[in-house]
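Okay, data10.tsv is below, TSV, C-alpha atoms:
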```tsv
chain	number	residue	atom	x	y	z
I	1	MET	CA	-138.83	94.22	-67.84
I	2	ILE	CA	-137.67	90.96	-69.40
I	3	ASN	CA	-133.96	90.85	-70.14
I	4	LYS	CA	-133.37	91.12	-73.91
I	5	LYS	CA	-130.87	88.27	-73.91
I	6	LEU	CA	-133.32	86.06	-72.04
I	7	LEU	CA	-136.10	86.97	-74.47
I	8	LYS	CA	-133.84	86.15	-77.41
I	9	ALA	CA	-132.92	82.81	-75.86
I	10	ILE	CA	-136.60	81.98	-75.34
I	11	ARG	CA	-137.34	82.77	-78.98
I	12	TRP	CA	-134.50	80.57	-80.21
I	13	LEU	CA	-135.57	77.79	-77.87
I	14	SER	CA	-139.14	78.06	-79.17
I	15	LEU	CA	-137.94	77.91	-82.77
I	16	ALA	CA	-135.78	74.90	-81.95
I	17	MET	CA	-138.73	73.11	-80.36
I	18	ILE	CA	-140.94	73.90	-83.35
I	19	PHE	CA	-138.24	72.64	-85.72
I	20	GLN	CA	-137.74	69.47	-83.67
I	21	THR	CA	-141.48	68.78	-83.52
I	22	GLY	CA	-141.74	69.29	-87.27
I	23	PHE	CA	-138.80	66.97	-87.80
I	24	TRP	CA	-140.44	64.21	-85.74
I	25	LEU	CA	-143.82	64.72	-87.42
I	26	LEU	CA	-142.35	64.52	-90.91
I	27	GLY	CA	-140.13	61.56	-90.12
I	28	SER	CA	-142.84	59.61	-88.32
I	29	TYR	CA	-145.32	60.26	-91.13
I	30	ARG	CA	-142.86	58.77	-93.60
I	31	VAL	CA	-142.42	55.74	-91.32
I	32	TYR	CA	-146.19	55.44	-90.91
I	33	LYS	CA	-146.72	55.43	-94.68
I	34	LYS	CA	-143.85	52.99	-95.15
I	35	ILE	CA	-145.32	50.36	-92.86
I	36	MET	CA	-149.04	50.98	-93.43
I	37	SER	CA	-149.55	52.05	-97.04
I	38	LYS	CA	-150.35	49.42	-99.63
I	39	GLN	CA	-148.24	51.29	-102.17
I	40	SER	CA	-144.94	51.47	-100.26
I	41	ASP	CA	-141.98	49.21	-100.97
I	42	LYS	CA	-141.70	46.78	-98.05
I	43	SER	CA	-138.81	44.67	-99.32
I	44	LYS	CA	-136.42	45.93	-96.63
I	45	ILE	CA	-139.01	45.24	-93.94
I	46	LEU	CA	-139.65	41.72	-95.20
I	47	ASP	CA	-135.94	40.96	-95.42
I	48	LYS	CA	-136.01	40.89	-91.61
I	49	THR	CA	-138.65	38.15	-91.30
I	50	THR	CA	-136.30	35.19	-91.62
I	51	THR	CA	-132.60	34.56	-91.21
I	52	ASP	CA	-132.54	31.51	-93.47
I	53	ARG	CA	-134.06	31.97	-96.93
I	54	SER	CA	-133.10	28.42	-97.94
I	55	ILE	CA	-135.98	27.16	-95.82
I	56	ASP	CA	-138.39	28.51	-98.45
I	57	LYS	CA	-137.20	25.84	-100.88
I	58	ARG	CA	-139.04	23.30	-98.72
I	59	ILE	CA	-142.44	24.93	-99.28
I	60	ALA	CA	-144.58	22.38	-101.12
I	61	ASN	CA	-147.94	22.97	-102.85
I	62	ARG	CA	-147.31	26.64	-103.58
I	63	ASP	CA	-149.34	26.10	-106.76
I	64	PHE	CA	-152.42	24.78	-104.93
I	65	PHE	CA	-154.72	27.47	-106.31
I	66	ASP	CA	-153.41	26.81	-109.83
I	67	ILE	CA	-154.51	23.20	-109.79
I	68	VAL	CA	-157.61	23.21	-107.58
I	69	GLN	CA	-161.02	24.43	-108.65
I	70	TYR	CA	-162.00	27.47	-106.60
I	71	ARG	CA	-164.39	30.36	-106.97
I	72	ASP	CA	-163.87	34.01	-106.26
I	73	VAL	CA	-166.08	35.28	-103.45
I	74	TYR	CA	-166.61	38.79	-102.13
I	75	VAL	CA	-167.90	40.59	-99.04
I	76	LYS	CA	-168.36	44.25	-98.12
I	77	SER	CA	-166.49	45.63	-95.12
I	78	ARG	CA	-168.11	47.91	-92.56
I	79	ASP	CA	-166.36	50.84	-94.21
I	80	ASP	CA	-167.60	49.83	-97.67
I	81	LEU	CA	-164.52	48.13	-99.11
I	82	THR	CA	-165.00	45.20	-101.47
I	83	LEU	CA	-162.95	42.30	-100.15
I	84	HIS	CA	-161.96	39.27	-102.22
I	85	GLY	CA	-161.42	35.66	-101.26
I	86	ARG	CA	-160.83	32.22	-102.80
I	87	TYR	CA	-163.32	29.53	-101.78
I	88	VAL	CA	-162.68	25.83	-102.39
I	89	GLU	CA	-165.71	23.57	-102.07
I	90	ASN	CA	-164.77	20.10	-100.86
I	91	GLY	CA	-168.16	18.47	-100.35
I	92	SER	CA	-168.03	19.07	-96.60
I	93	GLU	CA	-170.21	20.98	-94.18
I	94	ASP	CA	-167.13	22.21	-92.31
I	95	THR	CA	-164.87	25.05	-93.45
I	96	ALA	CA	-161.42	26.33	-92.55
I	97	ILE	CA	-160.87	30.06	-92.99
I	98	VAL	CA	-157.15	30.60	-93.60
I	99	ILE	CA	-155.80	34.15	-93.14
I	100	HIS	CA	-152.49	35.35	-94.55
I	101	GLY	CA	-150.06	37.79	-92.98
I	102	TYR	CA	-148.53	41.19	-93.67
I	103	ASN	CA	-147.88	41.99	-97.34
I	104	SER	CA	-149.02	38.53	-98.44
I	105	ASN	CA	-152.24	37.34	-100.11
I	106	SER	CA	-154.73	34.49	-100.34
I	107	TYR	CA	-152.83	32.70	-103.13
I	108	ARG	CA	-149.75	32.34	-100.97
I	109	LYS	CA	-151.68	30.43	-98.31
I	110	GLY	CA	-152.08	27.58	-100.78
I	111	PRO	CA	-149.76	25.20	-98.88
I	112	ILE	CA	-151.81	25.56	-95.68
I	113	ALA	CA	-155.10	25.52	-97.58
I	114	LYS	CA	-154.15	22.19	-99.15
I	115	ILE	CA	-153.54	20.59	-95.74
I	116	PHE	CA	-157.06	21.52	-94.59
I	117	HIS	CA	-158.46	20.49	-97.98
I	118	ASP	CA	-156.78	17.08	-97.71
I	119	ARG	CA	-158.39	16.70	-94.27
I	120	GLY	CA	-161.80	17.13	-95.87
I	121	TYR	CA	-162.52	20.79	-95.13
I	122	ASN	CA	-163.87	23.39	-97.48
I	123	VAL	CA	-161.36	26.23	-97.49
I	124	LEU	CA	-161.81	29.99	-97.66
I	125	CYS	CA	-158.69	32.14	-98.09
I	126	PRO	CA	-159.51	35.86	-97.98
I	127	ASP	CA	-157.31	38.68	-99.20
I	128	LEU	CA	-157.03	41.06	-96.26
I	129	ARG	CA	-157.81	44.73	-96.94
I	130	ALA	CA	-155.06	46.45	-98.93
I	131	HIS	CA	-153.76	43.04	-100.01
I	132	GLY	CA	-154.27	40.86	-103.07
I	133	GLN	CA	-157.48	41.64	-104.92
I	134	SER	CA	-159.18	43.34	-101.96
I	135	GLN	CA	-159.75	47.07	-101.87
I	136	GLY	CA	-158.15	49.41	-99.35
I	137	GLU	CA	-155.07	51.58	-99.26
I	138	MET	CA	-154.04	51.18	-95.63
I	139	ILE	CA	-152.98	47.91	-93.97
I	140	GLY	CA	-155.08	47.00	-90.94
I	141	MET	CA	-152.52	45.29	-88.66
I	142	GLY	CA	-155.27	42.92	-87.51
I	143	TRP	CA	-157.79	45.40	-86.11
I	144	PRO	CA	-160.14	46.40	-88.95
I	145	ASP	CA	-159.30	42.98	-90.39
I	146	HIS	CA	-161.02	41.25	-87.49
I	147	TYR	CA	-164.26	43.05	-88.32
I	148	ASP	CA	-163.74	41.95	-91.94
I	149	LEU	CA	-163.32	38.39	-90.68
I	150	LEU	CA	-166.79	38.59	-89.14
I	151	GLU	CA	-168.12	39.26	-92.64
I	152	TRP	CA	-166.25	36.24	-94.00
I	153	ILE	CA	-167.69	34.07	-91.23
I	154	ALA	CA	-171.17	35.30	-92.18
I	155	LEU	CA	-170.50	34.39	-95.82
I	156	VAL	CA	-169.42	30.86	-94.88
I	157	ASN	CA	-172.53	30.46	-92.76
I	158	ALA	CA	-174.66	31.53	-95.71
I	159	ILE	CA	-173.00	28.85	-97.84
I	160	LYS	CA	-172.85	26.13	-95.15
I	161	PRO	CA	-175.47	26.98	-92.51
I	162	GLN	CA	-175.07	23.62	-90.75
I	163	GLY	CA	-171.29	23.52	-90.78
I	164	LYS	CA	-168.50	24.12	-88.30
I	165	ILE	CA	-165.78	26.74	-88.81
I	166	ILE	CA	-162.07	26.66	-88.01
I	167	LEU	CA	-160.14	29.94	-87.99
I	168	TYR	CA	-156.44	29.86	-88.86
I	169	GLY	CA	-154.18	32.88	-89.21
I	170	VAL	CA	-150.48	33.59	-89.42
I	171	SER	CA	-148.69	36.71	-88.15
I	172	MET	CA	-150.99	39.69	-88.81
I	173	GLY	CA	-153.63	37.17	-89.90
I	174	GLY	CA	-153.18	35.45	-86.55
I	175	ALA	CA	-153.74	38.79	-84.83
I	176	ALA	CA	-156.95	39.26	-86.81
I	177	VAL	CA	-158.14	35.80	-85.73
I	178	LEU	CA	-157.37	36.49	-82.07
I	179	ASN	CA	-159.06	39.87	-82.19
I	180	ALA	CA	-162.14	38.20	-83.65
I	181	THR	CA	-162.30	35.69	-80.79
I	182	GLY	CA	-162.88	38.61	-78.45
I	183	GLU	CA	-166.14	39.37	-80.25
I	184	LYS	CA	-169.38	37.44	-79.91
I	185	LEU	CA	-168.83	34.82	-82.59
I	186	PRO	CA	-171.43	32.41	-83.96
I	187	ALA	CA	-171.56	29.17	-81.98
I	188	ASN	CA	-170.33	27.16	-84.97
I	189	VAL	CA	-166.89	28.83	-84.84
I	190	LYS	CA	-165.27	25.99	-82.95
I	191	VAL	CA	-161.51	26.56	-82.92
I	192	ALA	CA	-159.00	29.36	-83.55
I	193	ILE	CA	-155.34	28.80	-84.46
I	194	ALA	CA	-152.89	31.71	-84.34
I	195	ASP	CA	-149.35	31.21	-85.62
I	196	CYS	CA	-146.75	33.85	-84.60
I	197	ALA	CA	-149.28	36.53	-83.67
I	198	PHE	CA	-148.32	39.70	-81.79
I	199	THR	CA	-149.79	41.05	-78.56
I	200	SER	CA	-150.49	44.46	-80.11
I	201	PRO	CA	-149.13	46.54	-83.01
I	202	TRP	CA	-147.64	48.87	-80.40
I	203	ASP	CA	-145.66	46.05	-78.77
I	204	LEU	CA	-144.62	44.75	-82.17
I	205	TYR	CA	-143.27	48.06	-83.44
I	206	LYS	CA	-141.68	48.88	-80.10
I	207	PHE	CA	-139.69	45.66	-80.40
I	208	GLN	CA	-138.87	46.06	-84.08
I	209	PHE	CA	-137.79	49.69	-83.91
I	210	LYS	CA	-135.41	48.93	-81.06
I	211	GLU	CA	-134.13	45.43	-81.81
I	212	ILE	CA	-134.21	45.27	-85.61
I	213	TYR	CA	-133.85	48.86	-86.80
I	214	ASN	CA	-131.77	50.22	-83.88
I	215	THR	CA	-134.14	53.18	-83.53
I	216	PRO	CA	-135.46	54.50	-80.21
I	217	PRO	CA	-139.18	53.59	-80.20
I	218	ARG	CA	-140.29	56.86	-78.64
I	219	PRO	CA	-141.29	59.51	-79.54
I	220	LEU	CA	-141.33	58.06	-83.09
I	221	LEU	CA	-143.92	55.41	-82.25
I	222	ASP	CA	-146.14	57.93	-80.49
I	223	PHE	CA	-146.34	60.03	-83.64
I	224	VAL	CA	-146.81	56.97	-85.89
I	225	ASN	CA	-149.70	55.87	-83.69
I	226	LEU	CA	-151.14	59.40	-83.80
I	227	PHE	CA	-151.31	59.25	-87.60
I	228	ASN	CA	-152.85	55.78	-87.37
I	229	LYS	CA	-155.55	57.06	-85.00
I	230	LEU	CA	-156.33	60.03	-87.25
I	231	GLU	CA	-156.40	58.11	-90.53
I	232	ASN	CA	-157.47	54.59	-89.57
I	233	LYS	CA	-159.47	55.36	-86.41
I	234	ASN	CA	-157.79	52.69	-84.30
I	235	ASP	CA	-155.10	52.56	-81.65
I	236	PHE	CA	-151.95	50.47	-81.98
I	237	LYS	CA	-152.03	49.87	-78.23
I	238	ILE	CA	-155.24	47.81	-78.54
I	239	GLY	CA	-154.89	44.32	-79.93
I	240	PRO	CA	-154.96	40.56	-79.37
I	241	ALA	CA	-153.72	40.75	-75.77
I	242	ASP	CA	-156.89	42.67	-74.92
I	243	MET	CA	-159.25	40.58	-77.00
I	244	VAL	CA	-158.18	37.08	-75.92
I	245	LYS	CA	-159.17	38.00	-72.37
I	246	LYS	CA	-162.77	37.99	-73.61
I	247	SER	CA	-162.49	34.89	-75.78
I	248	ASN	CA	-164.72	31.85	-75.46
I	249	THR	CA	-163.18	30.15	-78.49
I	250	PRO	CA	-160.72	27.28	-77.91
I	251	THR	CA	-157.44	28.66	-79.23
I	252	LEU	CA	-154.12	27.10	-80.15
I	253	PHE	CA	-151.18	29.51	-80.02
I	254	ILE	CA	-148.15	28.59	-82.14
I	255	HIS	CA	-144.79	30.30	-82.43
I	256	GLY	CA	-141.37	29.49	-83.82
I	257	VAL	CA	-138.71	29.76	-81.13
I	258	ASP	CA	-136.27	31.38	-83.59
I	259	ASP	CA	-138.69	33.98	-84.95
I	260	PRO	CA	-136.59	37.16	-85.46
I	261	PHE	CA	-139.53	39.38	-86.43
I	262	ILE	CA	-142.15	38.77	-83.72
I	263	PRO	CA	-140.77	37.53	-80.39
I	264	ALA	CA	-141.96	34.07	-79.40
I	265	ASP	CA	-142.67	35.41	-75.91
I	266	MET	CA	-145.63	37.29	-77.38
I	267	SER	CA	-147.48	34.02	-78.02
I	268	LYS	CA	-146.64	32.90	-74.49
I	269	LYS	CA	-148.17	36.11	-73.13
I	270	LEU	CA	-151.24	35.68	-75.33
I	271	TYR	CA	-151.63	32.10	-74.12
I	272	GLU	CA	-151.39	33.21	-70.50
I	273	SER	CA	-153.96	35.99	-71.05
I	274	SER	CA	-156.47	33.87	-72.96
I	275	ALA	CA	-159.69	33.22	-71.08
I	276	GLY	CA	-160.92	30.17	-72.96
I	277	ALA	CA	-159.69	26.63	-73.57
I	278	LYS	CA	-156.21	26.89	-75.00
I	279	GLY	CA	-153.01	25.23	-76.11
I	280	LEU	CA	-149.46	26.41	-76.78
I	281	LEU	CA	-146.98	25.00	-79.29
I	282	MET	CA	-143.43	26.37	-79.41
I	283	VAL	CA	-141.58	25.01	-82.45
I	284	GLU	CA	-137.83	24.62	-82.16
I	285	ASN	CA	-135.92	26.19	-85.07
I	286	GLY	CA	-139.16	27.75	-86.31
I	287	GLN	CA	-138.70	31.09	-88.03
I	288	HIS	CA	-141.35	33.69	-88.75
I	289	GLY	CA	-144.39	32.06	-90.36
I	290	ARG	CA	-142.32	28.98	-91.18
I	291	SER	CA	-142.80	26.75	-88.15
I	292	TYR	CA	-144.73	24.31	-90.34
I	293	LEU	CA	-141.53	23.84	-92.36
I	294	ALA	CA	-139.29	23.39	-89.33
I	295	ASP	CA	-141.31	20.45	-88.00
I	296	PRO	CA	-144.34	19.72	-90.21
I	297	LYS	CA	-145.30	16.49	-88.42
I	298	LEU	CA	-145.43	18.14	-85.00
I	299	TYR	CA	-147.05	21.27	-86.40
I	300	PHE	CA	-150.00	19.69	-88.18
I	301	GLU	CA	-150.54	16.85	-85.71
I	302	SER	CA	-150.79	19.45	-82.95
I	303	ILE	CA	-153.31	21.47	-84.95
I	304	PHE	CA	-155.59	18.59	-85.82
I	305	ASP	CA	-155.34	16.99	-82.37
I	306	PHE	CA	-156.45	20.33	-80.92
I	307	ILE	CA	-159.29	20.59	-83.43
I	308	ASP	CA	-160.45	17.03	-82.73
I	309	LEU	CA	-160.44	17.80	-79.01
I	310	HIS	CA	-162.75	20.79	-79.36
I	311	ILE	CA	-164.85	20.38	-82.48
```
Structure re-expressed in structure tokens:
Amino acid sequence: MINKKLLKAIRWLSLAMIFQTGFWLLGSYRVYKKIMSKQSDKSKILDKTTTDRSIDKRIANRDFFDIVQYRDVYVKSRDDLTLHGRYVENGSEDTAIVIHGYNSNSYRKGPIAKIFHDRGYNVLCPDLRAHGQSQGEMIGMGWPDHYDLLEWIALVNAIKPQGKIILYGVSMGGAAVLNATGEKLPANVKVAIADCAFTSPWDLYKFQFKEIYNTPPRPLLDFVNLFNKLENKNDFKIGPADMVKKSNTPTLFIHGVDDPFIPADMSKKLYESSAGAKGLLMVENGQHGRSYLADPKLYFESIFDFIDLHI
């Protein structure tokens, strides 16, 4: 017969384990919603993206979409979301698709769009799902977004069937671009440019939980990923590091050395893993998504030299 004290201890231990599991489930679900839901306040998250806010004062052409003539364009995602973009016709056959990052939108890519516009390209700036004027409640972290990017490429090819396409993305937008290069892209997609992309959402959150938020990544991240799998049907462990191994698209990887939000080493790892023609630009003093402000001459000369080499 089982000792009564032992039986009581087992019951208390079982209750404690149930309570602890419930605690982790509830806490991780709140974290999951915080980082993934369109509706959540992300101001505290975004406060960590740069250590020097004064650098933003150097952003020129933020009003590009206020002064240029553009038209609203739309595509349907594979899961039936209506996605919005801004298309600027520039009398060219060639088009640059410029993809924004986490919690941003197409309007805010105006400064980059203008650079491509001034170089003679038509420009398409989509709103990623759950951003801007696009539908969706859950942020994609680059995975469903890369399937959406295939729809945007198809739209550009319907408008400019004889043209060449350049893909440019920053942060989560860079991850979407890199994920797309692992798919079978149309032959007219000539170059991909990824600024401060991450190797996978799992690697990104593992770093951020530990280094920025002083929180042990596991088991929290395991539960967060579980909710992501259940609700969004994708795995945080799969991402650009897997997809660039299958890429045939010449790709330029860019990262600011002083990026506090996504480690610069991630772009180095992506560069090393990439199967196709590639280049790597590490920008001294570059913060997250702001390398073009740290050294604009180097940044844009490197981009267009790489494009000229492969287009």
Closest atom pairs, segment 18-74 of chain I residues within 9 Å of segment 282-289 of chain I, all atoms listed in the file, as JSON lines:
```
{"residue": "I:Thr49", "atom": "CA", "partner": "I:His288", "partner_atom": "CA", "distance": 5.8}
{"residue": "I:Thr50", "atom": "CA", "partner": "I:Gln287", "partner_atom": "CA", "distance": 6.0}
{"residue": "I:Thr51", "atom": "CA", "partner": "I:Gln287", "partner_atom": "CA", "distance": 7.7}
{"residue": "I:Asp52", "atom": "CA", "partner": "I:Gln287", "partner_atom": "CA", "distance": 8.2}
```
Residues of segment 178-253 of chain I within 10 Å of segment 145-168 of chain I: nearest atom pair and distance (Å, one decimal) for each, counting only C-alpha atoms, sorted by chain and number, as a tab-separated table?
```
residue	atom	partner	partner_atom	distance
I:Leu178	CA	I:His146	CA	8.1
I:Asn179	CA	I:His146	CA	5.8
I:Ala180	CA	I:His146	CA	5.0
I:Thr181	CA	I:His146	CA	8.8
I:Gly182	CA	I:His146	CA	9.6
I:Glu183	CA	I:Leu150	CA	8.9
I:Lys184	CA	I:Leu150	CA	9.7
I:Leu185	CA	I:Leu150	CA	7.8
I:Pro186	CA	I:Ile153	CA	8.3
I:Ala187	CA	I:Lys164	CA	8.6
I:Asn188	CA	I:Lys164	CA	4.9
I:Val189	CA	I:Ile165	CA	4.6
I:Lys190	CA	I:Ile165	CA	5.9
I:Val191	CA	I:Ile166	CA	5.1
I:Ala192	CA	I:Leu167	CA	4.6
I:Ile193	CA	I:Tyr168	CA	4.7
I:Ala194	CA	I:Tyr168	CA	6.0
I:Asp195	CA	I:Tyr168	CA	7.9
I:Thr249	CA	I:Leu167	CA	10.0
I:Thr251	CA	I:Leu167	CA	9.3
I:Leu252	CA	I:Tyr168	CA	9.4
```
At a cut-off of 10 Å, can you tabulate as a tab-separated table every residue of segment 213-304 of chain I near segment 112-135 of chain I together with its closest atom pair and the distance in Å to one decimal, using only C-alpha atoms and ordering rows by chain then number?
```
residue	atom	partner	partner_atom	distance
I:Tyr292	CA	I:Ile112	CA	9.0
I:Phe300	CA	I:Ile115	CA	8.4
I:Phe304	CA	I:Arg119	CA	9.1
```
Determine the nearest neighbour of Val244 of chain I from the options I:Leu293, I:Tyr213, I:Val177, I:Leu309, counting all atoms listed in the file.
I:Val177
So, with all atoms listed in the file as the atoms that count, which of I:Ala175, I:Ile139, I:Ile67, I:Ile55 lies closest to Glu231 of chain I?
I:Ile139
Using all atoms listed in the file, give me every residue within 6 Å of (-150.5, 49.7, -100.5) in file coordinates, as a VMD selection string.
chain I and resid 37 to 40 130 137
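For the atom pair formed by atom CA of Ile311 of chain I and atom CA of Ala277 of chain I, the distance is 12.0 Å, given to one decimal.
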Using only C-alpha atoms, the best pick from I:Lys33, I:Pro263, I:Arg86, I:Ala60 as closest to Pro111 of chain I would be I:Ala60
Atom CA of Glu272 of chain I and atom CA of Asp305 of chain I, how far apart in Å?
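A separation of 20.5 Å between them.
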